[in-house]
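Just final.cif here, mmCIF, N, CA and C atoms and all ligand atoms:
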```
data_work
loop_
_atom_site.label_atom_id
_atom_site.label_comp_id
_atom_site.auth_asym_id
_atom_site.auth_seq_id
_atom_site.Cartn_x
_atom_site.Cartn_y
_atom_site.Cartn_z
N MET E 14 0.85 -1.20 0.00
CA MET E 14 0.00 0.00 0.00
C MET E 14 0.89 1.25 0.00
N SER E 15 0.56 2.20 -0.84
CA SER E 15 1.37 3.42 -0.91
C SER E 15 1.08 4.31 0.30
N HIS E 16 1.99 5.25 0.51
CA HIS E 16 1.76 6.19 1.61
C HIS E 16 0.49 7.00 1.38
N LYS E 17 0.26 7.29 0.09
CA LYS E 17 -0.91 8.12 -0.22
C LYS E 17 -2.21 7.44 0.17
N SER E 18 -2.36 6.18 -0.20
CA SER E 18 -3.63 5.52 0.11
C SER E 18 -3.75 5.27 1.61
N ALA E 19 -2.60 5.07 2.29
CA ALA E 19 -2.66 4.92 3.74
C ALA E 19 -3.19 6.20 4.38
N ALA E 20 -2.69 7.33 3.91
CA ALA E 20 -3.15 8.61 4.45
C ALA E 20 -4.63 8.80 4.15
N PHE E 21 -5.04 8.41 2.96
CA PHE E 21 -6.44 8.55 2.58
C PHE E 21 -7.34 7.74 3.53
N LEU E 22 -6.91 6.52 3.80
CA LEU E 22 -7.66 5.67 4.72
C LEU E 22 -7.77 6.31 6.10
N LEU E 23 -6.64 6.80 6.57
CA LEU E 23 -6.60 7.41 7.89
C LEU E 23 -7.60 8.57 7.96
N PHE E 24 -7.58 9.43 6.92
CA PHE E 24 -8.49 10.58 6.95
C PHE E 24 -9.95 10.14 6.83
N SER E 25 -10.18 9.08 6.09
CA SER E 25 -11.55 8.58 5.99
C SER E 25 -12.05 8.15 7.36
N PHE E 26 -11.16 7.47 8.09
CA PHE E 26 -11.55 7.01 9.42
C PHE E 26 -11.82 8.19 10.34
N LEU E 27 -10.94 9.19 10.27
CA LEU E 27 -11.14 10.38 11.11
C LEU E 27 -12.49 11.03 10.79
N GLY E 28 -12.81 11.11 9.48
CA GLY E 28 -14.07 11.72 9.06
C GLY E 28 -15.24 10.96 9.64
N LEU E 29 -15.19 9.64 9.55
CA LEU E 29 -16.26 8.81 10.09
C LEU E 29 -16.39 9.02 11.59
N PHE E 30 -15.25 9.05 12.24
CA PHE E 30 -15.22 9.19 13.69
C PHE E 30 -15.92 10.48 14.11
N PHE E 31 -15.51 11.59 13.47
CA PHE E 31 -16.07 12.87 13.90
C PHE E 31 -17.53 13.02 13.52
N SER E 32 -17.92 12.52 12.34
CA SER E 32 -19.33 12.67 11.98
C SER E 32 -20.18 11.78 12.87
N GLY E 33 -19.62 10.66 13.31
CA GLY E 33 -20.39 9.76 14.17
C GLY E 33 -20.48 10.26 15.59
N ALA E 34 -19.56 11.12 16.00
CA ALA E 34 -19.48 11.52 17.40
C ALA E 34 -20.26 12.80 17.69
N ALA E 35 -21.35 13.02 16.97
CA ALA E 35 -22.19 14.20 17.21
C ALA E 35 -21.35 15.47 17.23
N PHE E 36 -20.38 15.53 16.35
CA PHE E 36 -19.47 16.66 16.27
C PHE E 36 -20.11 17.67 15.34
N ALA E 37 -20.64 18.76 15.87
CA ALA E 37 -21.32 19.75 15.05
C ALA E 37 -22.41 19.09 14.19
N GLN E 38 -23.27 18.34 14.85
CA GLN E 38 -24.36 17.67 14.16
C GLN E 38 -25.29 18.71 13.55
N SER E 39 -25.88 18.38 12.40
CA SER E 39 -26.75 19.35 11.73
C SER E 39 -28.06 19.53 12.51
N GLY E 40 -28.69 20.69 12.28
CA GLY E 40 -29.97 20.97 12.93
C GLY E 40 -31.02 19.94 12.55
N GLU E 41 -30.97 19.51 11.30
CA GLU E 41 -31.93 18.52 10.84
C GLU E 41 -31.76 17.21 11.61
N ALA E 42 -30.50 16.79 11.80
CA ALA E 42 -30.24 15.54 12.52
C ALA E 42 -30.71 15.64 13.97
N THR E 43 -30.44 16.79 14.61
CA THR E 43 -30.87 16.97 16.00
C THR E 43 -32.39 16.98 16.07
N TYR E 44 -33.02 17.69 15.13
CA TYR E 44 -34.48 17.72 15.10
C TYR E 44 -35.02 16.28 15.05
N LYS E 45 -34.46 15.48 14.15
CA LYS E 45 -34.97 14.12 13.96
C LYS E 45 -34.69 13.23 15.16
N GLN E 46 -33.61 13.56 15.88
CA GLN E 46 -33.24 12.76 17.03
C GLN E 46 -34.04 13.16 18.28
N VAL E 47 -34.22 14.49 18.45
CA VAL E 47 -34.73 14.99 19.73
C VAL E 47 -36.14 15.57 19.65
N CYS E 48 -36.44 16.34 18.61
CA CYS E 48 -37.66 17.15 18.63
C CYS E 48 -38.85 16.48 17.94
N VAL E 49 -38.58 15.63 16.95
CA VAL E 49 -39.65 15.12 16.09
C VAL E 49 -40.70 14.33 16.87
N SER E 50 -40.29 13.70 17.97
CA SER E 50 -41.23 12.85 18.71
C SER E 50 -42.43 13.66 19.19
N CYS E 51 -42.25 14.93 19.49
CA CYS E 51 -43.38 15.77 19.90
C CYS E 51 -43.82 16.72 18.79
N HIS E 52 -42.84 17.37 18.13
CA HIS E 52 -43.19 18.41 17.17
C HIS E 52 -43.61 17.84 15.82
N GLY E 53 -43.31 16.57 15.56
CA GLY E 53 -43.73 15.94 14.31
C GLY E 53 -45.23 15.80 14.23
N THR E 54 -45.85 15.43 15.34
CA THR E 54 -47.30 15.20 15.34
C THR E 54 -48.07 16.20 16.19
N GLY E 55 -47.35 16.97 17.03
CA GLY E 55 -48.04 17.95 17.87
C GLY E 55 -48.48 17.38 19.21
N VAL E 56 -47.66 16.49 19.78
CA VAL E 56 -47.94 15.91 21.10
C VAL E 56 -48.09 17.02 22.14
N LEU E 57 -49.08 16.91 23.02
CA LEU E 57 -49.30 17.89 24.10
C LEU E 57 -49.47 19.31 23.57
N ASN E 58 -49.96 19.39 22.33
CA ASN E 58 -50.16 20.69 21.70
C ASN E 58 -48.85 21.40 21.34
N ALA E 59 -47.81 20.66 21.11
CA ALA E 59 -46.55 21.25 20.63
C ALA E 59 -46.79 21.82 19.23
N PRO E 60 -46.26 23.03 18.95
CA PRO E 60 -46.41 23.58 17.59
C PRO E 60 -45.82 22.61 16.57
N LYS E 61 -46.65 22.19 15.63
CA LYS E 61 -46.29 21.13 14.71
C LYS E 61 -45.33 21.62 13.62
N PHE E 62 -44.39 20.76 13.29
CA PHE E 62 -43.45 21.02 12.19
C PHE E 62 -44.23 21.36 10.93
N GLY E 63 -43.95 22.53 10.33
CA GLY E 63 -44.60 22.90 9.07
C GLY E 63 -45.91 23.67 9.23
N ASP E 64 -46.41 23.78 10.47
CA ASP E 64 -47.67 24.50 10.70
C ASP E 64 -47.40 26.00 10.79
N LYS E 65 -47.47 26.67 9.65
CA LYS E 65 -47.08 28.08 9.57
C LYS E 65 -47.91 28.98 10.47
N ALA E 66 -49.22 28.69 10.58
CA ALA E 66 -50.09 29.54 11.39
C ALA E 66 -49.69 29.47 12.87
N LYS E 67 -49.33 28.27 13.32
CA LYS E 67 -48.91 28.10 14.71
C LYS E 67 -47.55 28.74 14.98
N TRP E 68 -46.66 28.64 13.99
CA TRP E 68 -45.29 29.12 14.19
C TRP E 68 -45.15 30.63 14.01
N ALA E 69 -46.04 31.26 13.22
CA ALA E 69 -45.88 32.68 12.91
C ALA E 69 -45.71 33.56 14.15
N PRO E 70 -46.62 33.44 15.15
CA PRO E 70 -46.46 34.31 16.33
C PRO E 70 -45.20 33.96 17.14
N LEU E 71 -44.78 32.70 17.10
CA LEU E 71 -43.56 32.31 17.82
C LEU E 71 -42.34 32.89 17.13
N ILE E 72 -42.31 32.78 15.81
CA ILE E 72 -41.20 33.32 15.03
C ILE E 72 -41.09 34.82 15.25
N ALA E 73 -42.27 35.47 15.41
CA ALA E 73 -42.30 36.92 15.60
C ALA E 73 -41.66 37.34 16.92
N GLU E 74 -41.52 36.42 17.87
CA GLU E 74 -40.84 36.77 19.13
C GLU E 74 -39.36 37.04 18.92
N GLY E 75 -38.83 36.56 17.81
CA GLY E 75 -37.42 36.75 17.53
C GLY E 75 -36.59 35.55 17.95
N GLN E 76 -35.46 35.39 17.29
CA GLN E 76 -34.65 34.19 17.48
C GLN E 76 -34.10 34.06 18.90
N VAL E 77 -33.59 35.18 19.44
CA VAL E 77 -32.96 35.12 20.77
C VAL E 77 -34.00 34.73 21.82
N THR E 78 -35.13 35.44 21.83
CA THR E 78 -36.16 35.20 22.84
C THR E 78 -36.75 33.80 22.73
N LEU E 79 -37.16 33.42 21.53
CA LEU E 79 -37.82 32.13 21.38
C LEU E 79 -36.87 30.98 21.70
N THR E 80 -35.64 31.06 21.20
CA THR E 80 -34.67 29.99 21.45
C THR E 80 -34.41 29.86 22.94
N ALA E 81 -34.21 31.00 23.61
CA ALA E 81 -33.90 30.97 25.04
C ALA E 81 -35.06 30.40 25.85
N HIS E 82 -36.27 30.84 25.56
CA HIS E 82 -37.43 30.37 26.32
C HIS E 82 -37.62 28.86 26.14
N ALA E 83 -37.49 28.41 24.90
CA ALA E 83 -37.69 26.98 24.63
C ALA E 83 -36.57 26.15 25.26
N TYR E 84 -35.34 26.66 25.19
CA TYR E 84 -34.20 25.92 25.75
C TYR E 84 -34.34 25.81 27.27
N PHE E 85 -34.81 26.88 27.86
CA PHE E 85 -35.03 26.88 29.32
C PHE E 85 -36.21 25.98 29.69
N GLY E 86 -37.18 25.90 28.77
CA GLY E 86 -38.39 25.13 29.04
C GLY E 86 -39.54 26.08 29.30
N VAL E 87 -40.66 25.82 28.65
CA VAL E 87 -41.81 26.68 28.85
C VAL E 87 -43.07 25.81 28.84
N ARG E 88 -43.84 25.89 29.93
CA ARG E 88 -45.04 25.06 30.08
C ARG E 88 -44.73 23.59 29.77
N ALA E 89 -45.42 23.00 28.77
CA ALA E 89 -45.24 21.57 28.51
C ALA E 89 -43.99 21.26 27.68
N MET E 90 -43.25 22.30 27.29
CA MET E 90 -42.02 22.09 26.53
C MET E 90 -40.87 21.83 27.51
N PRO E 91 -40.29 20.62 27.50
CA PRO E 91 -39.25 20.30 28.49
C PRO E 91 -37.94 21.04 28.20
N PRO E 92 -37.19 21.43 29.25
CA PRO E 92 -35.90 22.09 29.04
C PRO E 92 -35.02 21.26 28.09
N LYS E 93 -34.33 21.92 27.18
CA LYS E 93 -33.41 21.28 26.23
C LYS E 93 -34.09 20.19 25.40
N GLY E 94 -35.40 20.31 25.24
CA GLY E 94 -36.13 19.29 24.50
C GLY E 94 -36.08 17.94 25.20
N GLY E 95 -35.78 17.96 26.50
CA GLY E 95 -35.74 16.72 27.27
C GLY E 95 -34.41 15.98 27.17
N ASN E 96 -33.45 16.58 26.50
CA ASN E 96 -32.14 15.95 26.34
C ASN E 96 -31.08 16.77 27.09
N PRO E 97 -30.71 16.36 28.31
CA PRO E 97 -29.83 17.18 29.14
C PRO E 97 -28.46 17.44 28.52
N ASN E 98 -28.07 16.65 27.52
CA ASN E 98 -26.75 16.85 26.91
C ASN E 98 -26.78 17.80 25.72
N LEU E 99 -27.96 18.30 25.39
CA LEU E 99 -28.06 19.13 24.19
C LEU E 99 -27.56 20.55 24.48
N SER E 100 -26.56 20.99 23.72
CA SER E 100 -25.98 22.33 23.91
C SER E 100 -26.92 23.40 23.36
N ILE E 101 -26.67 24.64 23.74
CA ILE E 101 -27.43 25.76 23.18
C ILE E 101 -27.29 25.78 21.66
N GLU E 102 -26.07 25.54 21.18
CA GLU E 102 -25.81 25.57 19.74
C GLU E 102 -26.62 24.48 19.02
N GLY E 103 -26.59 23.28 19.59
CA GLY E 103 -27.31 22.16 18.97
C GLY E 103 -28.81 22.40 18.98
N PHE E 104 -29.30 22.92 20.10
CA PHE E 104 -30.72 23.21 20.23
C PHE E 104 -31.12 24.29 19.23
N SER E 105 -30.30 25.37 19.15
CA SER E 105 -30.60 26.49 18.25
C SER E 105 -30.71 26.02 16.81
N ASP E 106 -29.77 25.17 16.40
CA ASP E 106 -29.78 24.71 15.00
C ASP E 106 -30.99 23.84 14.71
N ALA E 107 -31.39 23.03 15.69
CA ALA E 107 -32.60 22.21 15.50
C ALA E 107 -33.82 23.12 15.35
N LEU E 108 -33.84 24.20 16.13
CA LEU E 108 -34.96 25.14 16.05
C LEU E 108 -34.94 25.89 14.71
N VAL E 109 -33.75 26.27 14.26
CA VAL E 109 -33.63 26.93 12.96
C VAL E 109 -34.21 26.02 11.87
N TYR E 110 -33.89 24.75 11.95
CA TYR E 110 -34.39 23.79 10.96
C TYR E 110 -35.93 23.74 11.00
N MET E 111 -36.47 23.71 12.21
CA MET E 111 -37.93 23.64 12.37
C MET E 111 -38.58 24.94 11.87
N VAL E 112 -38.02 26.07 12.26
CA VAL E 112 -38.57 27.38 11.87
C VAL E 112 -38.53 27.55 10.35
N ASN E 113 -37.41 27.17 9.73
CA ASN E 113 -37.26 27.38 8.30
C ASN E 113 -38.15 26.45 7.48
N ASN E 114 -38.70 25.44 8.11
CA ASN E 114 -39.67 24.57 7.44
C ASN E 114 -41.09 24.88 7.87
N SER E 115 -41.25 25.99 8.61
CA SER E 115 -42.56 26.36 9.13
C SER E 115 -42.84 27.84 8.86
N GLY E 116 -42.27 28.37 7.78
CA GLY E 116 -42.58 29.72 7.35
C GLY E 116 -41.54 30.77 7.70
N GLY E 117 -40.51 30.41 8.46
CA GLY E 117 -39.50 31.39 8.85
C GLY E 117 -38.25 31.33 7.99
N ASN E 118 -37.34 32.23 8.28
CA ASN E 118 -36.08 32.27 7.53
C ASN E 118 -34.97 32.71 8.47
N TRP E 119 -34.55 31.81 9.34
CA TRP E 119 -33.51 32.11 10.32
C TRP E 119 -32.19 31.50 9.88
N LYS E 120 -31.11 32.05 10.45
CA LYS E 120 -29.78 31.51 10.18
C LYS E 120 -29.27 30.83 11.44
N SER E 121 -28.34 29.92 11.26
CA SER E 121 -27.65 29.33 12.39
C SER E 121 -27.02 30.48 13.17
N PRO E 122 -27.28 30.61 14.49
CA PRO E 122 -26.83 31.79 15.22
C PRO E 122 -25.30 31.90 15.27
N ASP E 123 -24.81 33.14 15.09
CA ASP E 123 -23.37 33.38 15.23
C ASP E 123 -23.03 33.51 16.72
N ALA E 124 -21.76 33.71 17.01
CA ALA E 124 -21.29 33.73 18.40
C ALA E 124 -22.01 34.80 19.22
N GLN E 125 -22.25 35.95 18.60
CA GLN E 125 -22.91 37.06 19.29
C GLN E 125 -24.35 36.70 19.66
N THR E 126 -25.03 36.05 18.73
CA THR E 126 -26.42 35.64 18.99
C THR E 126 -26.47 34.56 20.06
N ILE E 127 -25.52 33.62 20.01
CA ILE E 127 -25.45 32.57 21.04
C ILE E 127 -25.26 33.21 22.41
N ALA E 128 -24.40 34.23 22.48
CA ALA E 128 -24.15 34.92 23.75
C ALA E 128 -25.43 35.57 24.26
N ALA E 129 -26.18 36.18 23.35
CA ALA E 129 -27.44 36.83 23.74
C ALA E 129 -28.46 35.79 24.22
N ILE E 130 -28.49 34.63 23.55
CA ILE E 130 -29.40 33.56 23.97
C ILE E 130 -29.02 33.07 25.37
N ASN E 131 -27.72 32.87 25.58
CA ASN E 131 -27.24 32.43 26.90
C ASN E 131 -27.64 33.40 27.99
N LYS E 132 -27.54 34.69 27.69
CA LYS E 132 -27.88 35.72 28.66
C LYS E 132 -29.36 35.65 29.03
N GLU E 133 -30.18 35.45 28.01
CA GLU E 133 -31.63 35.37 28.23
C GLU E 133 -32.00 34.10 29.02
N VAL E 134 -31.31 32.99 28.73
CA VAL E 134 -31.55 31.75 29.49
C VAL E 134 -31.19 31.98 30.95
N GLU E 135 -30.07 32.66 31.17
CA GLU E 135 -29.61 32.94 32.53
C GLU E 135 -30.62 33.82 33.27
N ALA E 136 -31.18 34.79 32.57
CA ALA E 136 -32.18 35.68 33.17
C ALA E 136 -33.41 34.87 33.59
N ARG E 137 -33.80 33.91 32.76
CA ARG E 137 -34.93 33.03 33.10
C ARG E 137 -34.61 32.20 34.33
N ARG E 138 -33.38 31.72 34.38
CA ARG E 138 -32.97 30.85 35.48
C ARG E 138 -33.03 31.65 36.79
N VAL E 139 -32.53 32.85 36.78
CA VAL E 139 -32.54 33.70 37.96
C VAL E 139 -33.98 34.00 38.37
N GLY E 140 -34.82 34.28 37.36
CA GLY E 140 -36.23 34.53 37.65
C GLY E 140 -36.93 33.27 38.11
N ALA E 141 -36.40 32.09 37.68
CA ALA E 141 -36.99 30.79 38.01
C ALA E 141 -38.50 30.83 37.84
N ASN E 142 -38.92 31.34 36.71
CA ASN E 142 -40.33 31.57 36.47
C ASN E 142 -40.66 31.10 35.06
N LYS E 143 -41.45 30.06 34.97
CA LYS E 143 -41.74 29.47 33.67
C LYS E 143 -42.86 30.21 32.93
N LYS E 144 -43.50 31.13 33.59
CA LYS E 144 -44.56 31.87 32.90
C LYS E 144 -43.94 32.97 32.06
N ARG E 145 -44.73 33.48 31.11
CA ARG E 145 -44.21 34.55 30.33
C ARG E 145 -44.87 35.84 30.70
C1 LIG V 1 -41.55 15.88 25.08
C2 LIG V 1 -42.10 16.60 23.97
C3 LIG V 1 -41.24 17.68 23.33
C4 LIG V 1 -39.97 17.58 22.80
C5 LIG V 1 -39.07 16.35 22.74
C6 LIG V 1 -39.64 18.89 22.27
N1 LIG V 1 -40.67 19.76 22.47
FE1 LIG V 1 -40.74 21.73 21.96
N2 LIG V 1 -42.60 21.89 22.74
C7 LIG V 1 -43.33 20.86 23.30
C8 LIG V 1 -44.63 21.34 23.72
C9 LIG V 1 -45.72 20.50 24.34
C10 LIG V 1 -44.66 22.71 23.39
C11 LIG V 1 -45.82 23.69 23.64
C12 LIG V 1 -45.59 24.31 25.00
C13 LIG V 1 -46.80 25.06 25.45
O1 LIG V 1 -47.09 26.10 24.86
O2 LIG V 1 -47.44 24.58 26.38
C14 LIG V 1 -43.37 23.03 22.80
C15 LIG V 1 -43.00 24.30 22.39
C16 LIG V 1 -41.82 24.60 21.75
C17 LIG V 1 -41.44 25.91 21.28
C18 LIG V 1 -42.27 27.18 21.48
C19 LIG V 1 -41.94 27.73 22.84
C20 LIG V 1 -42.77 28.93 23.23
O3 LIG V 1 -42.17 29.92 23.68
O4 LIG V 1 -44.02 28.87 23.13
C21 LIG V 1 -40.22 25.80 20.69
C22 LIG V 1 -39.43 26.91 20.08
C23 LIG V 1 -39.81 24.40 20.80
N3 LIG V 1 -40.80 23.70 21.45
C24 LIG V 1 -38.64 23.89 20.30
C25 LIG V 1 -38.22 22.56 20.46
C26 LIG V 1 -36.99 22.04 19.94
C27 LIG V 1 -35.97 22.84 19.14
C28 LIG V 1 -36.93 20.72 20.31
C29 LIG V 1 -35.82 19.73 20.06
C30 LIG V 1 -34.48 20.15 20.35
C31 LIG V 1 -38.13 20.43 21.06
N4 LIG V 1 -38.91 21.56 21.11
C32 LIG V 1 -38.44 19.19 21.63
C33 LIG V 1 -42.91 19.55 23.46
C34 LIG V 1 -41.67 19.05 23.10
#
```
Hey, can you dump this file as structure tokens for me?
Amino acid sequence: MSHKSAAFLLFSFLGLFFSGAAFAQSGEATYKQVCVSCHGTGVLNAPKFGDKAKWAPLIAEGQVTLTAHAYFGVRAMPPKGGNPNLSIEGFSDALVYMVNNSGGNWKSPDAQTIAAINKEVEARRVGANKKR
């Protein structure tokens, strides 16, 4: 085996390893793993994937507010979508995927937006108040 093909194999393995290890998983993948069980069919009155009328007023709250409230948990929506290992970034991207398939047009949040979301989550935590 040449050095070149050995290196190619090594990089292929690294690629598999990182894609398999939930390394910057796509919003779509997170949605399908974590959110679809409730938002796919509208369990407990969860706003359904693709239901533009239901999502419009939520989208209107803005990305920072809506992401933070949902990540913190609101009424029947469990914190972090019920997955304690889900990061703000992973959660945000899953929400972007859901919003963009339900009438919105959001981008994956940049560092500044993530910081603003974190701040809002912290404010909720301090308030320890699930009502709006
Ligand atoms: C166990 C079921 C369940 C899972 C899993 C779940 N949700 Fe929800 N979600 C709900 C329910 C129920 C509501 C409606 C809450 C209400 O208004 O009472 C909701 C509401 C929301 C809202 C609107 C919050 C608001 O301010 O009204 C967002 C945004 C959201 N979910 C995002 C997500 C994302 C993103 C995921 C996956 C990472 C996720 N949810 C996973 C049940 C779930």
Surrounding residues as a list of chain:residue names, ligand LIG 1 (chain V), max 5 Å, all atoms listed in the file: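 Counting only what the definition allows, namely all atoms listed in the file, the set is E:Val47, E:Cys48, E:Cys51, E:Val56, E:Leu57, E:Asn58, E:Ala59, E:Pro60, E:Ala83, E:Val87, E:Arg88, E:Ala89, E:Met90, E:Pro91, E:Gly94, E:Phe104, E:Ala107, E:Leu108.
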Go ahead and write the selection's residues with N, CA and C atoms as a tab-separated table (two decimals), in the coordinates of the input.
```
chain	number	residue	atom	x	y	z
E	47	VAL	N	-34.22	14.49	18.45
E	47	VAL	CA	-34.73	14.99	19.73
E	47	VAL	C	-36.14	15.57	19.65
E	48	CYS	N	-36.44	16.34	18.61
E	48	CYS	CA	-37.66	17.15	18.63
E	48	CYS	C	-38.85	16.48	17.94
E	51	CYS	N	-42.25	14.93	19.49
E	51	CYS	CA	-43.38	15.77	19.90
E	51	CYS	C	-43.82	16.72	18.79
E	56	VAL	N	-47.66	16.49	19.78
E	56	VAL	CA	-47.94	15.91	21.10
E	56	VAL	C	-48.09	17.02	22.14
E	57	LEU	N	-49.08	16.91	23.02
E	57	LEU	CA	-49.30	17.89	24.10
E	57	LEU	C	-49.47	19.31	23.57
E	58	ASN	N	-49.96	19.39	22.33
E	58	ASN	CA	-50.16	20.69	21.70
E	58	ASN	C	-48.85	21.40	21.34
E	59	ALA	N	-47.81	20.66	21.11
E	59	ALA	CA	-46.55	21.25	20.63
E	59	ALA	C	-46.79	21.82	19.23
E	60	PRO	N	-46.26	23.03	18.95
E	60	PRO	CA	-46.41	23.58	17.59
E	60	PRO	C	-45.82	22.61	16.57
E	83	ALA	N	-37.49	28.41	24.90
E	83	ALA	CA	-37.69	26.98	24.63
E	83	ALA	C	-36.57	26.15	25.26
E	87	VAL	N	-40.66	25.82	28.65
E	87	VAL	CA	-41.81	26.68	28.85
E	87	VAL	C	-43.07	25.81	28.84
E	88	ARG	N	-43.84	25.89	29.93
E	88	ARG	CA	-45.04	25.06	30.08
E	88	ARG	C	-44.73	23.59	29.77
E	89	ALA	N	-45.42	23.00	28.77
E	89	ALA	CA	-45.24	21.57	28.51
E	89	ALA	C	-43.99	21.26	27.68
E	90	MET	N	-43.25	22.30	27.29
E	90	MET	CA	-42.02	22.09	26.53
E	90	MET	C	-40.87	21.83	27.51
E	91	PRO	N	-40.29	20.62	27.50
E	91	PRO	CA	-39.25	20.30	28.49
E	91	PRO	C	-37.94	21.04	28.20
E	94	GLY	N	-35.40	20.31	25.24
E	94	GLY	CA	-36.13	19.29	24.50
E	94	GLY	C	-36.08	17.94	25.20
E	104	PHE	N	-29.30	22.92	20.10
E	104	PHE	CA	-30.72	23.21	20.23
E	104	PHE	C	-31.12	24.29	19.23
E	107	ALA	N	-31.39	23.03	15.69
E	107	ALA	CA	-32.60	22.21	15.50
E	107	ALA	C	-33.82	23.12	15.35
E	108	LEU	N	-33.84	24.20	16.13
E	108	LEU	CA	-34.96	25.14	16.05
E	108	LEU	C	-34.94	25.89	14.71
```
Separation of atom C of E:Ile130 from atom CA of E:Ala81 in Å: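 Those two atoms sit 5.3 Å apart.
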Who sits within 8 Å of E:Val112, only N, CA and C atoms, same chain under 6 positions skipped, as a ChimeraX atom specification: /E:62-63,68,72,106,118-119
Dump of N, CA and C atoms for the selected residues, as a PDB file, in the frame of the given file:
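Final output, saved to result33.pdb:
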```pdb
ATOM      1  N   PHE E  62     -44.390  20.760  13.290  1.00  0.00           N
ATOM      2  CA  PHE E  62     -43.450  21.020  12.190  1.00  0.00           C
ATOM      3  C   PHE E  62     -44.230  21.360  10.930  1.00  0.00           C
ATOM      4  N   GLY E  63     -43.950  22.530  10.330  1.00  0.00           N
ATOM      5  CA  GLY E  63     -44.600  22.900   9.070  1.00  0.00           C
ATOM      6  C   GLY E  63     -45.910  23.670   9.230  1.00  0.00           C
ATOM      7  N   TRP E  68     -46.660  28.640  13.990  1.00  0.00           N
ATOM      8  CA  TRP E  68     -45.290  29.120  14.190  1.00  0.00           C
ATOM      9  C   TRP E  68     -45.150  30.630  14.010  1.00  0.00           C
ATOM     10  N   ILE E  72     -42.310  32.780  15.810  1.00  0.00           N
ATOM     11  CA  ILE E  72     -41.200  33.320  15.030  1.00  0.00           C
ATOM     12  C   ILE E  72     -41.090  34.820  15.250  1.00  0.00           C
ATOM     13  N   ASP E 106     -29.770  25.170  16.400  1.00  0.00           N
ATOM     14  CA  ASP E 106     -29.780  24.710  15.000  1.00  0.00           C
ATOM     15  C   ASP E 106     -30.990  23.840  14.710  1.00  0.00           C
ATOM     16  N   ASN E 118     -37.340  32.230   8.280  1.00  0.00           N
ATOM     17  CA  ASN E 118     -36.080  32.270   7.530  1.00  0.00           C
ATOM     18  C   ASN E 118     -34.970  32.710   8.470  1.00  0.00           C
ATOM     19  N   TRP E 119     -34.550  31.810   9.340  1.00  0.00           N
ATOM     20  CA  TRP E 119     -33.510  32.110  10.320  1.00  0.00           C
ATOM     21  C   TRP E 119     -32.190  31.500   9.880  1.00  0.00           C
TER      22      TRP E 119
END
```
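What separates atom CA of E:Gly40 from atom C of E:Arg138 is a distance of 26.3 Å.
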Pairwise distance for atom CA of E:Val109 and atom CA of E:Ser121, rounded to one decimal in Å: 6.5 Å
Residue list (alpha helix (DSSP H), DSSP) for stretch 15-138 of chain E, as an NGL selection string: :E and (16-33 or 40-43 or 49-52 or 65-72 or 76-85 or 101-113 or 124-138)
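Shortest atom-to-atom contact with E:Tyr84 among E:Met111, E:Ala129, E:Ile101, E:Ala136: E:Ile101, counting all atoms listed in the file.
The nearest approach to E:Asp123 among the residues E:Pro92, E:Gly55, E:Gln76, E:Lys65, with only C-alpha atoms taken into account, belongs to E:Gln76.
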